[in-house]
file query.cif (mmCIF, C-alpha atoms)
data_model
loop_
_atom_site.label_atom_id
_atom_site.label_comp_id
_atom_site.auth_asym_id
_atom_site.auth_seq_id
_atom_site.Cartn_x
_atom_site.Cartn_y
_atom_site.Cartn_z
CA MET A 1 -55.13 241.17 140.96
CA ASN A 2 -58.24 239.02 140.68
CA GLN A 3 -56.21 235.88 140.20
CA PHE A 4 -53.93 234.01 142.56
CA VAL A 5 -51.67 231.80 140.50
CA MET A 6 -49.80 228.94 142.10
CA LEU A 7 -46.73 228.16 140.04
CA GLY A 8 -45.43 224.63 139.63
CA CYS A 9 -42.37 223.24 137.91
CA LEU A 10 -41.93 223.67 134.17
CA TRP A 11 -43.32 220.82 132.14
CA LEU A 12 -40.55 219.00 130.30
CA GLY A 13 -42.26 215.82 129.08
CA ALA A 14 -42.05 214.87 125.42
CA CYS A 15 -45.25 214.89 123.36
CA ALA A 16 -46.61 211.59 122.11
CA THR A 17 -46.89 212.59 118.47
CA ALA A 18 -45.88 215.33 116.05
CA PHE A 19 -48.72 217.71 115.36
CA SER A 20 -49.45 220.67 113.12
CA GLN A 21 -52.54 222.79 113.57
CA GLN A 22 -53.91 226.22 112.68
CA GLN A 23 -54.69 228.02 115.92
CA THR A 24 -57.92 229.94 116.25
CA ASN A 25 -55.91 233.12 116.77
CA GLY A 26 -54.09 232.64 113.48
CA VAL A 27 -50.75 231.50 114.92
CA ASN A 28 -49.14 228.54 113.18
CA TYR A 29 -46.90 226.13 115.01
CA GLN A 30 -45.52 222.67 114.39
CA LEU A 31 -44.01 220.28 116.85
CA GLY A 32 -40.74 218.61 116.02
CA PRO A 33 -40.37 214.88 115.31
CA ILE A 34 -40.55 212.39 118.16
CA PRO A 35 -37.03 212.07 119.59
CA SER A 36 -35.31 208.70 119.70
CA VAL A 37 -35.18 207.26 123.21
CA HIS A 38 -33.29 204.43 124.81
CA LYS A 39 -34.95 201.24 125.98
CA PRO A 40 -37.06 201.97 129.09
CA LEU A 41 -35.25 201.28 132.35
CA ALA A 42 -36.78 199.30 135.16
CA GLU A 43 -38.98 201.38 137.44
CA ASN A 44 -37.07 202.83 140.43
CA SER A 45 -33.75 201.65 138.97
CA VAL A 46 -32.33 205.18 138.85
CA PRO A 47 -31.75 206.80 142.27
CA MET A 48 -33.33 210.18 142.88
CA GLY A 49 -31.00 213.15 143.22
CA ASN A 50 -30.70 215.32 146.30
CA ILE A 51 -33.04 218.29 145.91
CA GLN A 52 -30.77 220.36 148.16
CA THR A 53 -27.64 219.89 146.04
CA PHE A 54 -28.82 219.37 142.47
CA GLU A 55 -27.48 221.71 139.81
CA GLU A 56 -30.00 224.21 138.53
CA VAL A 57 -30.53 223.66 134.82
CA LYS A 58 -30.73 226.71 132.55
CA LEU A 59 -33.00 226.16 129.56
CA ASP A 60 -32.40 228.01 126.31
CA LEU A 61 -36.07 228.70 125.65
CA PRO A 62 -37.70 231.92 124.45
CA ILE A 63 -39.49 233.45 127.44
CA THR A 64 -41.41 236.72 127.44
CA SER A 65 -39.47 239.33 129.40
CA GLY A 66 -40.80 240.22 132.84
CA PRO A 67 -39.85 240.50 136.50
CA TYR A 68 -39.19 236.75 136.83
CA GLU A 69 -36.08 234.93 135.67
CA PRO A 70 -36.18 231.11 135.36
CA THR A 71 -34.40 230.64 138.70
CA TRP A 72 -35.67 229.88 142.21
CA ARG A 73 -33.80 232.93 143.56
CA SER A 74 -35.65 235.23 141.16
CA ILE A 75 -39.01 233.71 142.05
CA GLU A 76 -38.27 234.07 145.77
CA ALA A 77 -37.14 237.69 145.36
CA ASN A 78 -40.11 238.77 143.25
CA TYR A 79 -42.92 236.77 144.81
CA PRO A 80 -45.13 239.27 146.63
CA GLY A 81 -45.94 237.00 149.56
CA THR A 82 -49.40 236.06 150.74
CA PRO A 83 -51.92 238.67 149.51
CA GLU A 84 -54.18 240.17 152.14
CA TRP A 85 -57.34 238.93 150.43
CA LEU A 86 -56.12 235.33 150.67
CA ARG A 87 -55.17 235.71 154.34
CA ASP A 88 -58.62 237.12 155.08
CA SER A 89 -60.61 234.68 152.95
CA LYS A 90 -60.35 231.77 155.41
CA PHE A 91 -62.29 229.33 153.21
CA GLY A 92 -61.70 228.22 149.64
CA ILE A 93 -62.32 225.14 147.51
CA TRP A 94 -59.87 223.15 145.42
CA ILE A 95 -61.40 221.73 142.23
CA HIS A 96 -59.51 218.56 141.35
CA PHE A 97 -61.33 217.66 138.13
CA GLY A 98 -59.97 216.25 134.91
CA LEU A 99 -59.67 213.23 132.69
CA GLN A 100 -58.31 211.09 135.54
CA SER A 101 -61.84 211.14 137.03
CA ALA A 102 -63.08 209.04 134.10
CA GLY A 103 -61.51 205.92 135.58
CA GLU A 104 -63.33 206.33 138.92
CA SER A 105 -60.22 204.90 140.60
CA GLY A 106 -58.55 207.82 142.34
CA ASP A 107 -56.56 210.77 141.04
CA TRP A 108 -53.57 208.57 140.05
CA TYR A 109 -55.67 206.48 137.70
CA ALA A 110 -53.63 207.40 134.61
CA ARG A 111 -50.51 205.84 136.11
CA LYS A 112 -51.97 203.02 138.16
CA MET A 113 -54.15 201.65 135.37
CA TYR A 114 -50.83 200.28 134.08
CA VAL A 115 -49.84 198.77 137.44
CA GLU A 116 -50.90 195.15 137.59
CA GLY A 117 -53.01 194.28 140.62
CA THR A 118 -54.07 197.81 141.60
CA SER A 119 -57.75 198.74 141.81
CA ALA A 120 -57.23 201.16 138.90
CA TYR A 121 -55.84 198.31 136.77
CA GLU A 122 -58.72 196.00 137.69
CA ASN A 123 -61.33 198.70 137.04
CA HIS A 124 -59.74 199.49 133.68
CA LEU A 125 -59.92 195.82 132.68
CA LYS A 126 -63.58 195.70 133.66
CA ASN A 127 -64.68 199.00 132.12
CA TYR A 128 -62.45 199.39 129.06
CA GLY A 129 -60.25 196.37 128.39
CA HIS A 130 -56.61 195.39 128.68
CA PRO A 131 -54.13 198.31 128.68
CA SER A 132 -52.20 196.71 125.83
CA GLU A 133 -55.29 197.21 123.65
CA VAL A 134 -57.20 200.08 125.27
CA GLY A 135 -55.03 202.67 126.98
CA TYR A 136 -55.38 206.09 128.54
CA LYS A 137 -55.57 207.80 125.16
CA GLU A 138 -58.70 205.79 124.32
CA VAL A 139 -60.24 206.82 127.63
CA LEU A 140 -59.45 210.41 126.72
CA ARG A 141 -60.92 210.06 123.24
CA ASP A 142 -64.27 208.91 124.63
CA TRP A 143 -64.33 211.15 127.73
CA ASN A 144 -67.53 213.15 127.75
CA PRO A 145 -68.88 214.18 131.17
CA LYS A 146 -72.26 215.39 129.90
CA LYS A 147 -73.31 216.76 133.29
CA PHE A 148 -70.26 219.03 133.59
CA ASN A 149 -71.65 222.42 134.60
CA PRO A 150 -69.09 224.82 136.14
CA GLN A 151 -71.62 227.60 136.68
CA ALA A 152 -73.95 225.39 138.72
CA LEU A 153 -71.03 224.15 140.82
CA VAL A 154 -69.62 227.63 141.40
CA ASP A 155 -73.06 228.81 142.53
CA ILE A 156 -73.06 226.00 145.11
CA TYR A 157 -69.56 226.95 146.28
CA LYS A 158 -70.55 230.59 146.62
CA ASP A 159 -73.66 229.63 148.58
CA ALA A 160 -71.34 227.69 150.91
CA GLU A 161 -69.44 230.98 151.49
CA ALA A 162 -66.30 229.94 149.60
CA ARG A 163 -64.21 233.06 148.93
CA PHE A 164 -61.86 231.59 146.33
CA LEU A 165 -61.43 228.59 144.04
CA ILE A 166 -58.24 226.77 143.12
CA ILE A 167 -58.73 224.88 139.86
CA GLN A 168 -56.65 222.02 138.44
CA GLY A 169 -54.99 223.31 135.27
CA VAL A 170 -53.05 220.16 134.44
CA HIS A 171 -52.63 216.93 136.38
CA HIS A 172 -49.67 214.52 136.40
CA ASP A 173 -50.88 213.06 133.09
CA GLN A 174 -49.78 216.39 131.54
CA PHE A 175 -53.15 216.81 129.82
CA ASP A 176 -53.75 220.58 129.70
CA MET A 177 -57.28 221.74 130.53
CA TRP A 178 -57.08 224.80 128.28
CA ASN A 179 -56.06 225.75 124.75
CA SER A 180 -52.33 225.48 125.41
CA LYS A 181 -50.07 226.64 122.60
CA TYR A 182 -47.07 224.45 123.36
CA GLN A 183 -48.65 221.01 122.88
CA PRO A 184 -51.77 219.42 121.36
CA TRP A 185 -52.42 217.16 124.39
CA ASN A 186 -55.14 219.46 125.70
CA SER A 187 -58.87 219.68 126.27
CA THR A 188 -59.64 221.81 123.20
CA ARG A 189 -58.41 219.10 120.81
CA LEU A 190 -59.26 215.86 122.59
CA GLY A 191 -62.06 214.52 124.75
CA LEU A 192 -64.57 217.28 125.49
CA LYS A 193 -62.89 219.59 122.96
CA CYS A 194 -63.53 222.73 124.97
CA ASP A 195 -61.54 225.15 127.11
CA LEU A 196 -62.32 223.76 130.57
CA ILE A 197 -60.28 226.38 132.41
CA GLY A 198 -62.03 229.06 130.41
CA GLU A 199 -65.40 227.68 131.55
CA TRP A 200 -64.32 227.71 135.20
CA GLU A 201 -62.93 231.23 134.83
CA LYS A 202 -66.13 232.54 133.30
CA ALA A 203 -68.21 231.02 136.10
CA ALA A 204 -65.91 232.32 138.84
CA ARG A 205 -65.84 235.86 137.46
CA LYS A 206 -69.63 235.90 137.10
CA ALA A 207 -69.98 234.83 140.74
CA GLY A 208 -67.38 237.37 141.89
CA ILE A 209 -65.11 234.67 143.35
CA ARG A 210 -61.34 234.83 143.06
CA PHE A 211 -59.64 231.88 141.42
CA GLY A 212 -56.24 230.40 140.78
CA LEU A 213 -54.71 227.44 138.97
CA THR A 214 -52.57 224.48 140.01
CA PHE A 215 -49.98 222.82 137.79
CA HIS A 216 -49.10 219.26 138.83
CA HIS A 217 -45.79 218.91 137.00
CA GLU A 218 -43.64 217.60 139.81
CA TYR A 219 -43.89 213.96 138.61
CA SER A 220 -43.64 214.56 134.86
CA TRP A 221 -40.24 212.89 134.63
CA TRP A 222 -41.47 209.42 135.58
CA TRP A 223 -45.27 209.50 135.51
CA TRP A 224 -45.75 207.44 132.34
CA GLN A 225 -43.08 204.82 133.01
CA THR A 226 -45.74 202.28 133.88
CA ALA A 227 -47.36 202.58 130.43
CA PHE A 228 -44.23 200.98 128.94
CA GLN A 229 -44.48 197.84 131.06
CA SER A 230 -46.48 194.64 130.63
CA ASP A 231 -48.26 192.03 132.73
CA THR A 232 -46.03 189.66 134.65
CA LYS A 233 -48.51 186.76 134.61
CA GLY A 234 -51.67 185.53 132.92
CA ASP A 235 -52.71 185.40 129.26
CA LYS A 236 -51.22 188.82 128.55
CA LYS A 237 -47.88 188.16 130.20
CA GLY A 238 -45.12 190.04 128.38
CA VAL A 239 -47.52 191.84 125.99
CA PRO A 240 -46.47 195.53 126.08
CA TYR A 241 -48.97 198.13 127.24
CA ASP A 242 -49.98 200.82 124.79
CA GLY A 243 -47.19 203.21 125.84
CA THR A 244 -44.81 201.04 123.84
#
call {"tool": "encode", "arguments": {"input": "query.cif", "output": "structure tokens"}}
result
Amino acid sequence: MNQFVMLGCLWLGACATAFSQQQTNGVNYQLGPIPSVHKPLAENSVPMGNIQTFEEVKLDLPITSGPYEPTWRSIEANYPGTPEWLRDSKFGIWIHFGLQSAGESGDWYARKMYVEGTSAYENHLKNYGHPSEVGYKEVLRDWNPKKFNPQALVDIYKDAEARFLIIQGVHHDQFDMWNSKYQPWNSTRLGLKCDLIGEWEKAARKAGIRFGLTFHHEYSWWWWQTAFQSDTKGDKKGVPYDGT
């Protein structure tokens, strides 16, 4: 295989809005209505479960048949182990690029811009406005890195003797960097409105460099809790952020 795919946990976050769209491949789909949810709980008020003893949840979702079942035991039994090309490559580069870079405040910008007193919060106030009025979705709407050039970057990586690239497919903000079919919160419909993963893939294949994807879904359960909070002091005290 020319791809080395690193599998993460299945994304289970709810979409922000119902959406209906004609796909370019002719497939129609429509998301269901936004589910009713209880009043947000205080952050860290629910204790984390024990990863060693938690009950494995079986999801009744249509999945294309293949060698893998949706269980850790199946993944462990079928995973081929470290491929020889990866063991021999020695040097690769991880491309951690996405919308979170727009805030210029670290890779957790999407969450921390809603945390009063953090550098991400202060930078958001200075560059965009208060998160009760201008939130992450507005940053996404206006995101347009005009100098984005995957081919030029891949050429630099190849010149540095990198043998493989690992590319961020989706960060903790759950914004997909490709034309995902299961949700509209992706790069072909918002922001740049292009298939970013497709651009990286094309550049990597042209350069003859192997590539893989990372899926950062481990924090999906609680990532956006902060967007439902509000300031605790100042003129905006008690005014809900835009998540509400």
call {"tool": "resolve_selection", "arguments": {"input": "query.cif", "expression": "the PyMOL selection byres ((chain A and resi 213) around 12)", "output": "ChimeraX atom specification"}}
result
/A:3-8,93-97,164-171,176-178,196-198,200-201,210-212,214-216
call {"tool": "closest_residue", "arguments": {"input": "query.cif", "among": "A:Gln174, A:Ile209, A:Phe228, A:Trp221", "to": "Lys39 in chain A", "atoms": "only C-alpha atoms"}}
result
A:Phe228
call {"tool": "resolve_selection", "arguments": {"input": "query.cif", "expression": "the PyMOL selection byres ((chain A and resi 190) around 10)", "output": "list of chain:residue names"}}
result
A:Lys137, A:Leu140, A:Arg141, A:Asp142, A:Trp143, A:Phe175, A:Pro184, A:Trp185, A:Asn186, A:Ser187, A:Thr188, A:Arg189, A:Gly191, A:Leu192, A:Lys193, A:Cys194
call {"tool": "closest_residue", "arguments": {"input": "query.cif", "among": "A:Ser132, A:Ala203, A:Ser45, A:Asn149", "to": "Lys237 in chain A", "atoms": "all atoms listed in the file"}}
result
A:Ser132
call {"tool": "closest_residue", "arguments": {"input": "query.cif", "among": "A:Gly208, A:Pro131, A:Gly92, A:Pro80", "to": "Gln229 in chain A", "atoms": "all atoms listed in the file"}}
result
A:Pro131
call {"tool": "atom_distance", "arguments": {"input": "query.cif", "atom1": "CA of Pro47 in chain A", "atom2": "CA of Ser230 in chain A"}}
result
22.4 Å
call {"tool": "closest_residue", "arguments": {"input": "query.cif", "among": "A:Asp231, A:Gly66, A:Asn144, A:Asn127", "to": "Asn78 in chain A", "atoms": "all atoms listed in the file"}}
result
A:Gly66
call {"tool": "atom_distance", "arguments": {"input": "query.cif", "atom1": "CA of Thr71 in chain A", "atom2": "CA of Tyr219 in chain A"}}
result
19.2 Å
call {"tool": "resolve_selection", "arguments": {"input": "query.cif", "expression": "the PyMOL selection byres ((chain A and resi 224) around 9)", "output": "list in words"}}
result
Ala110, Arg111, Tyr114, Asp173, Ser220, Trp221, Trp222, Trp223, Gln225, Thr226, Ala227, Phe228 and Gly243 of chain A
call {"tool": "write_last_selection", "arguments": {"input": "query.cif", "atoms": "C-alpha atoms", "output": "PDB file, in the coordinates of the input"}}
result
ATOM      1  CA  ALA A 110     -53.630 207.400 134.610  1.00  0.00           C
ATOM      2  CA  ARG A 111     -50.510 205.840 136.110  1.00  0.00           C
ATOM      3  CA  TYR A 114     -50.830 200.280 134.080  1.00  0.00           C
ATOM      4  CA  ASP A 173     -50.880 213.060 133.090  1.00  0.00           C
ATOM      5  CA  SER A 220     -43.640 214.560 134.860  1.00  0.00           C
ATOM      6  CA  TRP A 221     -40.240 212.890 134.630  1.00  0.00           C
ATOM      7  CA  TRP A 222     -41.470 209.420 135.580  1.00  0.00           C
ATOM      8  CA  TRP A 223     -45.270 209.500 135.510  1.00  0.00           C
ATOM      9  CA  GLN A 225     -43.080 204.820 133.010  1.00  0.00           C
ATOM     10  CA  THR A 226     -45.740 202.280 133.880  1.00  0.00           C
ATOM     11  CA  ALA A 227     -47.360 202.580 130.430  1.00  0.00           C
ATOM     12  CA  PHE A 228     -44.230 200.980 128.940  1.00  0.00           C
ATOM     13  CA  GLY A 243     -47.190 203.210 125.840  1.00  0.00           C
TER      14      GLY A 243
END
call {"tool": "residues_around", "arguments": {"input": "query.cif", "residues": "Gly129 in chain A", "least_positions_apart": "3", "cutoff": "12 Å", "atoms": "only C-alpha atoms", "output": "VMD selection string"}}
result
chain A and resid 113 to 114 120 to 126 132 to 136 138 to 139 236 241 to 242
call {"tool": "closest_residue", "arguments": {"input": "query.cif", "among": "A:Asp107, A:Glu199, A:Glu218, A:Glu161", "to": "Lys90 in chain A", "atoms": "all atoms listed in the file"}}
result
A:Glu161
call {"tool": "atom_distance", "arguments": {"input": "query.cif", "atom1": "CA of Ala204 in chain A", "atom2": "CA of Ile156 in chain A"}}
result
11.4 Å
call {"tool": "closest_residue", "arguments": {"input": "query.cif", "among": "A:Gln183, A:Ala160, A:Val154, A:Trp72", "to": "Val57 in chain A", "atoms": "only C-alpha atoms"}}
result
A:Trp72
call {"tool": "build_atoms", "arguments": {"input": "query.cif", "residues": "range 157-182 of chain A", "atoms": "N, CA, C and O atoms", "output": "tab-separated table (two decimals), in the frame of the given file"}}
result
chain	number	residue	atom	x	y	z
A	157	TYR	N	-70.72	226.55	145.47
A	157	TYR	CA	-69.56	226.95	146.28
A	157	TYR	C	-69.76	228.33	146.89
A	157	TYR	O	-69.41	228.56	148.06
A	158	LYS	N	-70.31	229.24	146.10
A	158	LYS	CA	-70.55	230.59	146.62
A	158	LYS	C	-71.59	230.56	147.73
A	158	LYS	O	-71.46	231.26	148.74
A	159	ASP	N	-72.62	229.75	147.56
A	159	ASP	CA	-73.66	229.63	148.58
A	159	ASP	C	-73.09	229.06	149.87
A	159	ASP	O	-73.58	229.34	150.97
A	160	ALA	N	-72.01	228.26	149.73
A	160	ALA	CA	-71.34	227.69	150.91
A	160	ALA	C	-70.34	228.67	151.52
A	160	ALA	O	-69.61	228.32	152.44
A	161	GLU	N	-70.30	229.90	150.98
A	161	GLU	CA	-69.44	230.98	151.49
A	161	GLU	C	-67.97	230.81	151.13
A	161	GLU	O	-67.09	231.36	151.79
A	162	ALA	N	-67.68	230.03	150.08
A	162	ALA	CA	-66.30	229.94	149.60
A	162	ALA	C	-65.89	231.30	149.03
A	162	ALA	O	-66.64	231.91	148.26
A	163	ARG	N	-64.68	231.75	149.39
A	163	ARG	CA	-64.21	233.06	148.93
A	163	ARG	C	-63.26	232.96	147.73
A	163	ARG	O	-63.00	233.96	147.08
A	164	PHE	N	-62.73	231.76	147.50
A	164	PHE	CA	-61.86	231.59	146.33
A	164	PHE	C	-61.87	230.14	145.89
A	164	PHE	O	-62.23	229.24	146.66
A	165	LEU	N	-61.51	229.92	144.63
A	165	LEU	CA	-61.43	228.59	144.04
A	165	LEU	C	-60.03	228.36	143.51
A	165	LEU	O	-59.43	229.25	142.91
A	166	ILE	N	-59.49	227.17	143.74
A	166	ILE	CA	-58.24	226.77	143.12
A	166	ILE	C	-58.57	225.63	142.17
A	166	ILE	O	-59.13	224.60	142.58
A	167	ILE	N	-58.26	225.79	140.90
A	167	ILE	CA	-58.73	224.88	139.86
A	167	ILE	C	-57.55	224.12	139.25
A	167	ILE	O	-56.51	224.72	138.94
A	168	GLN	N	-57.70	222.82	139.07
A	168	GLN	CA	-56.65	222.02	138.44
A	168	GLN	C	-56.47	222.44	136.98
A	168	GLN	O	-57.38	222.32	136.18
A	169	GLY	N	-55.27	222.94	136.65
A	169	GLY	CA	-54.99	223.31	135.27
A	169	GLY	C	-54.47	222.14	134.47
A	169	GLY	O	-54.81	221.96	133.30
A	170	VAL	N	-53.60	221.35	135.09
A	170	VAL	CA	-53.05	220.16	134.44
A	170	VAL	C	-52.63	219.19	135.54
A	170	VAL	O	-52.01	219.59	136.52
A	171	HIS	N	-53.00	217.93	135.39
A	171	HIS	CA	-52.63	216.93	136.38
A	171	HIS	C	-51.33	216.26	135.96
A	171	HIS	O	-50.68	216.66	134.98
A	172	HIS	N	-50.94	215.20	136.68
A	172	HIS	CA	-49.67	214.52	136.40
A	172	HIS	C	-49.66	213.86	135.02
A	172	HIS	O	-48.59	213.53	134.50
A	173	ASP	N	-50.84	213.65	134.43
A	173	ASP	CA	-50.88	213.06	133.09
A	173	ASP	C	-50.46	214.06	132.01
A	173	ASP	O	-50.36	213.71	130.84
A	174	GLN	N	-50.25	215.32	132.42
A	174	GLN	CA	-49.78	216.39	131.54
A	174	GLN	C	-50.79	216.77	130.45
A	174	GLN	O	-50.46	217.35	129.43
A	175	PHE	N	-52.06	216.43	130.72
A	175	PHE	CA	-53.15	216.81	129.82
A	175	PHE	C	-53.65	218.19	130.22
A	175	PHE	O	-54.25	218.37	131.28
A	176	ASP	N	-53.39	219.20	129.38
A	176	ASP	CA	-53.75	220.58	129.70
A	176	ASP	C	-55.26	220.80	129.55
A	176	ASP	O	-55.85	220.40	128.56
A	177	MET	N	-55.83	221.51	130.52
A	177	MET	CA	-57.28	221.74	130.53
A	177	MET	C	-57.66	223.06	129.88
A	177	MET	O	-58.70	223.64	130.19
A	178	TRP	N	-56.81	223.55	128.99
A	178	TRP	CA	-57.08	224.80	128.28
A	178	TRP	C	-56.45	224.71	126.90
A	178	TRP	O	-55.79	223.73	126.55
A	179	ASN	N	-56.60	225.73	126.11
A	179	ASN	CA	-56.06	225.75	124.75
A	179	ASN	C	-54.59	226.13	124.79
A	179	ASN	O	-54.19	227.22	124.41
A	180	SER	N	-53.77	225.21	125.27
A	180	SER	CA	-52.33	225.48	125.41
A	180	SER	C	-51.69	225.54	124.03
A	180	SER	O	-52.03	224.79	123.12
A	181	LYS	N	-50.71	226.43	123.90
A	181	LYS	CA	-50.07	226.64	122.60
A	181	LYS	C	-48.84	225.76	122.40
A	181	LYS	O	-48.36	225.62	121.29
A	182	TYR	N	-48.33	225.16	123.48
A	182	TYR	CA	-47.07	224.45	123.36
A	182	TYR	C	-47.22	222.96	123.11
A	182	TYR	O	-46.23	222.27	122.88
